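Below: the structure, in structure tokens.
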Amino acid sequence: MHALLVFVTALTAGGINSVAGGGSLITFPTLIWLGLPSINANATNTVAIWPGTLGSMWGYRRELRGADPRVYALMVPSVVGGIAGAILLNRTPAGVFDRLVPALIGFATFLFMVQEPLQRRFNLAASHDARSHWLSWTMFYQLLVGLYGGYFGAGIGILMLAALSLMGHTDIHQMNGLKNLLATCINAVAAVYFMWVGLVFWSDALVMAVGAMTGGVAGAMLARRIGRVAVRRVVVIVGFAMAASMLLRL
């Protein structure tokens with residue numbers, strides 16, 4: 001039952017990440033409920049979800065071919081921020097991180113909830129010059145996203161979609177592909193560090209990785225066909241419920 005729950009949760013999260021983002025709002029608290037210490041749960045979740053973002057990126061490979069080449073420069077701050085955040089997590093006392101968990105989950109859920117209003121507000125058809133202007137600011141912004149992603153991770157897709165909207169991108173499928181590419185960079189370096197320092201619970205990580213990759217590929221294929229409203233509502237409700245439950249455990 002333990003392995004089945006881990007697999008199904010990761011499968012669902014992989015699909016949610018492809019369609020809307022926010023899958024870690026389900027997988028991370030699930031690992032804590034199953035008895036993993038919070039820091040180990042976060043590290044295990046990062047390692048396990050990474051194949052899912054890779055699968056989602058592959059699912060959007062057609063859209064990525066037409067992306068503005070300058071956007072790929074954001075891979076650099078993604079890698080730097082990701083490793084910095086992972087090191088910061090490893091050096092955070094377990095008790096401090098336990099107290100931060102409800103706030104981090106609540107913050108990520110709030111970002112998920114307001115993603116579409118933010119996109120409608122800032123989704124401007126920017127000119128070529130405007131994109132160049134926004135790229136310089138977005139490099140620094142992406143460094144902060146990478147730092148947050150390496151430290152916690154949930155909600156980074158939402159943060160990146162907002163930045164891509166500000167840069168003038170309007171194709172949501174292409175934006176999802178770029179978001180998954182940058183998330184892969186952040187999670188990859190963080191995952192390598194977590195494995196190196198021994199924070200990963202491999203019995204759960206391997207099962208979750210299979211589920212996340214399967215869900216990621218399938219979710220990218222279905223994203224163009226299914227509605228996002230119901231999925232988004234479930235993630236918001238579950239996210240806030242999990243934040244409340246983590247708060248009650250303190």
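Just so we're on the same page: first chain in the structure tokens is A, next is B, and so on; residues restart at 1 for each chain, and ligands are numbered from 1 in the order they show up.
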A:Thr44 surroundings by only C-alpha atoms, 9 Å radius, close-in-sequence under 2 positions cut, as a VMD selection string: chain A and resid 28 31 39 to 42 46 to 49 191 194 to 195 199 to 202 204 to 205
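Contact shell of stretch 5-17 of chain A at 7 Å (only C-alpha atoms; same-chain neighbours under 6 positions omitted): A:Gly23, A:Ser24, A:Ile26, A:Thr27, A:Gly52, A:Asp204, A:Val207, A:Met208, A:Gly211, A:Ala212, A:Met213, A:Thr214, A:Gly215, A:Gly216, A:Ala218, A:Gly219.
For stretch 61-92 of chain A, backbone-based DSSP labels the following residues as helix (DSSP H, G or I): Arg61, Arg62, Glu63, Leu64, Pro69, Arg70, Val71, Tyr72, Ala73, Leu74, Met75, Val76, Pro77, Ser78, Val79, Val80, Gly81, Gly82, Ile83, Ala84, Gly85, Ala86, Ile87, Leu88, Leu89 and Asn90 of chain A.
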Hey, which of A:Ile105, A:Leu181, A:Leu4, A:Leu147 ends up closest to A:Arg61? Count only C-alpha atoms. A:Leu181
Counting only C-alpha atoms, what are the residues of stretch 150-202 of chain A within 12 Å of stretch 86-94 of chain A, and for each of them which pair of atoms is the nearest and at what distance in Å, to one decimal? Sort the table by chain and rising number, as CSV.
```
residue,atom,partner,partner_atom,distance
A:Gly150,CA,A:Ala86,CA,4.6
A:Tyr151,CA,A:Ala86,CA,5.1
A:Phe152,CA,A:Leu89,CA,7.8
A:Gly153,CA,A:Ala86,CA,9.9
A:Ile186,CA,A:Ala86,CA,9.6
A:Asn187,CA,A:Ala86,CA,9.3
A:Ala188,CA,A:Ala86,CA,10.6
A:Val189,CA,A:Ala86,CA,8.3
A:Ala190,CA,A:Ala86,CA,5.2
A:Ala191,CA,A:Ala86,CA,8.2
A:Val192,CA,A:Ala86,CA,9.5
A:Tyr193,CA,A:Ala86,CA,6.9
A:Phe194,CA,A:Ala86,CA,7.1
A:Met195,CA,A:Ala86,CA,10.8
A:Trp196,CA,A:Ile87,CA,11.1
A:Val197,CA,A:Asn90,CA,8.3
A:Gly198,CA,A:Asn90,CA,10.1
A:Leu199,CA,A:Asn90,CA,8.3
A:Val200,CA,A:Asn90,CA,11.6
```
May I have the residues from that selection written out with C-alpha atoms, as a JSON list (two decimals), in the first residue's frame?
```json
[["chain", "number", "residue", "atom", "x", "y", "z"],
["A", 150, "GLY", "CA", 16.52, 24.19, -5.05],
["A", 151, "TYR", "CA", 15.39, 24.94, -1.51],
["A", 152, "PHE", "CA", 11.75, 23.88, -1.75],
["A", 153, "GLY", "CA", 10.52, 23.59, -5.33],
["A", 186, "ILE", "CA", 16.93, 23.54, -11.39],
["A", 187, "ASN", "CA", 15.86, 20.11, -10.20],
["A", 188, "ALA", "CA", 18.75, 18.28, -11.87],
["A", 189, "VAL", "CA", 21.52, 20.13, -10.03],
["A", 190, "ALA", "CA", 19.58, 20.07, -6.76],
["A", 191, "ALA", "CA", 18.93, 16.34, -7.17],
["A", 192, "VAL", "CA", 22.60, 15.57, -7.79],
["A", 193, "TYR", "CA", 23.55, 17.49, -4.65],
["A", 194, "PHE", "CA", 20.88, 15.77, -2.54],
["A", 195, "MET", "CA", 22.09, 12.37, -3.75],
["A", 196, "TRP", "CA", 25.69, 13.31, -3.03],
["A", 197, "VAL", "CA", 25.00, 14.33, 0.58],
["A", 198, "GLY", "CA", 22.74, 11.31, 1.23],
["A", 199, "LEU", "CA", 19.38, 13.02, 1.86],
["A", 200, "VAL", "CA", 17.38, 10.79, -0.51]]
```
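Here atom CA of A:Arg70 is placed at a distance of 13.0 Å from atom CA of A:Trp137.
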Contacts of A:Tyr148 at 9 Å or less, counting only C-alpha atoms, minus same-chain residues fewer than 6 places along, as an MDAnalysis selection string? chainID A and resid 81:82 85:86 154 156
Residues at most 7 Å from A:Met175, counting only C-alpha atoms, excluding those fewer than 4 positions away in the same chain, as a VMD selection string? chain A and resid 161 164 169 171 179
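Proximity to A:Pro102 was assessed for A:Thr184, A:Asn45, A:Ser38, A:Ser78 counting only C-alpha atoms; the smallest distance is recorded for A:Ser38.
Between atom CA of A:Ala67 and atom CA of A:Thr109 lies a distance of 28.3 Å.
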So that I can check the surroundings of A:Leu178, please list as a ChimeraX atom specification every protein, DNA and RNA residue that reaches within 9 Å of it, counting only C-alpha atoms and ignoring chain neighbours fewer than 6 positions away. /A:57,60,63-64,67,71-72,160-161,164
Okay, now the selection with N, CA and C atoms, as an mmCIF file, in the first residue's frame?
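Okay, this is what ended up in selection20.cif:
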```
data_model
loop_
_atom_site.group_PDB
_atom_site.id
_atom_site.type_symbol
_atom_site.label_atom_id
_atom_site.label_comp_id
_atom_site.auth_asym_id
_atom_site.auth_seq_id
_atom_site.Cartn_x
_atom_site.Cartn_y
_atom_site.Cartn_z
ATOM 1 N N MET A 57 8.972 17.937 -20.635
ATOM 2 C CA MET A 57 9.738 18.701 -21.611
ATOM 3 C C MET A 57 9.773 17.964 -22.949
ATOM 4 N N TYR A 60 6.623 18.353 -24.905
ATOM 5 C CA TYR A 60 6.458 19.658 -25.555
ATOM 6 C C TYR A 60 7.607 19.969 -26.524
ATOM 7 N N GLU A 63 6.868 22.241 -29.553
ATOM 8 C CA GLU A 63 6.723 23.674 -29.269
ATOM 9 C C GLU A 63 8.068 24.336 -28.980
ATOM 10 N N LEU A 64 8.993 23.580 -28.374
ATOM 11 C CA LEU A 64 10.299 24.144 -28.023
ATOM 12 C C LEU A 64 11.126 24.498 -29.259
ATOM 13 N N ALA A 67 10.912 28.203 -30.138
ATOM 14 C CA ALA A 67 11.093 29.180 -29.061
ATOM 15 C C ALA A 67 12.199 30.178 -29.397
ATOM 16 N N VAL A 71 15.818 32.798 -24.824
ATOM 17 C CA VAL A 71 15.252 32.270 -23.590
ATOM 18 C C VAL A 71 16.154 31.189 -22.979
ATOM 19 N N TYR A 72 16.922 30.511 -23.817
ATOM 20 C CA TYR A 72 17.781 29.443 -23.310
ATOM 21 C C TYR A 72 18.890 29.974 -22.405
ATOM 22 N N MET A 160 7.787 30.847 -13.095
ATOM 23 C CA MET A 160 8.424 30.954 -14.403
ATOM 24 C C MET A 160 7.423 31.300 -15.496
ATOM 25 N N LEU A 161 6.204 30.772 -15.411
ATOM 26 C CA LEU A 161 5.190 31.136 -16.402
ATOM 27 C C LEU A 161 4.881 32.631 -16.353
ATOM 28 N N LEU A 164 7.755 34.412 -18.144
ATOM 29 C CA LEU A 164 7.678 34.233 -19.593
ATOM 30 C C LEU A 164 6.559 35.089 -20.187
#
```
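With distances restricted to only C-alpha atoms, A:Met139 is the closest residue to A:Val80 from A:Ala43, A:Leu34, A:Val101, A:Met139.
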Using only C-alpha atoms, pick whichever of A:Val210, A:Ala103, A:Leu54, A:Val76 has the shortest atom-to-atom distance to A:Tyr141. A:Val76
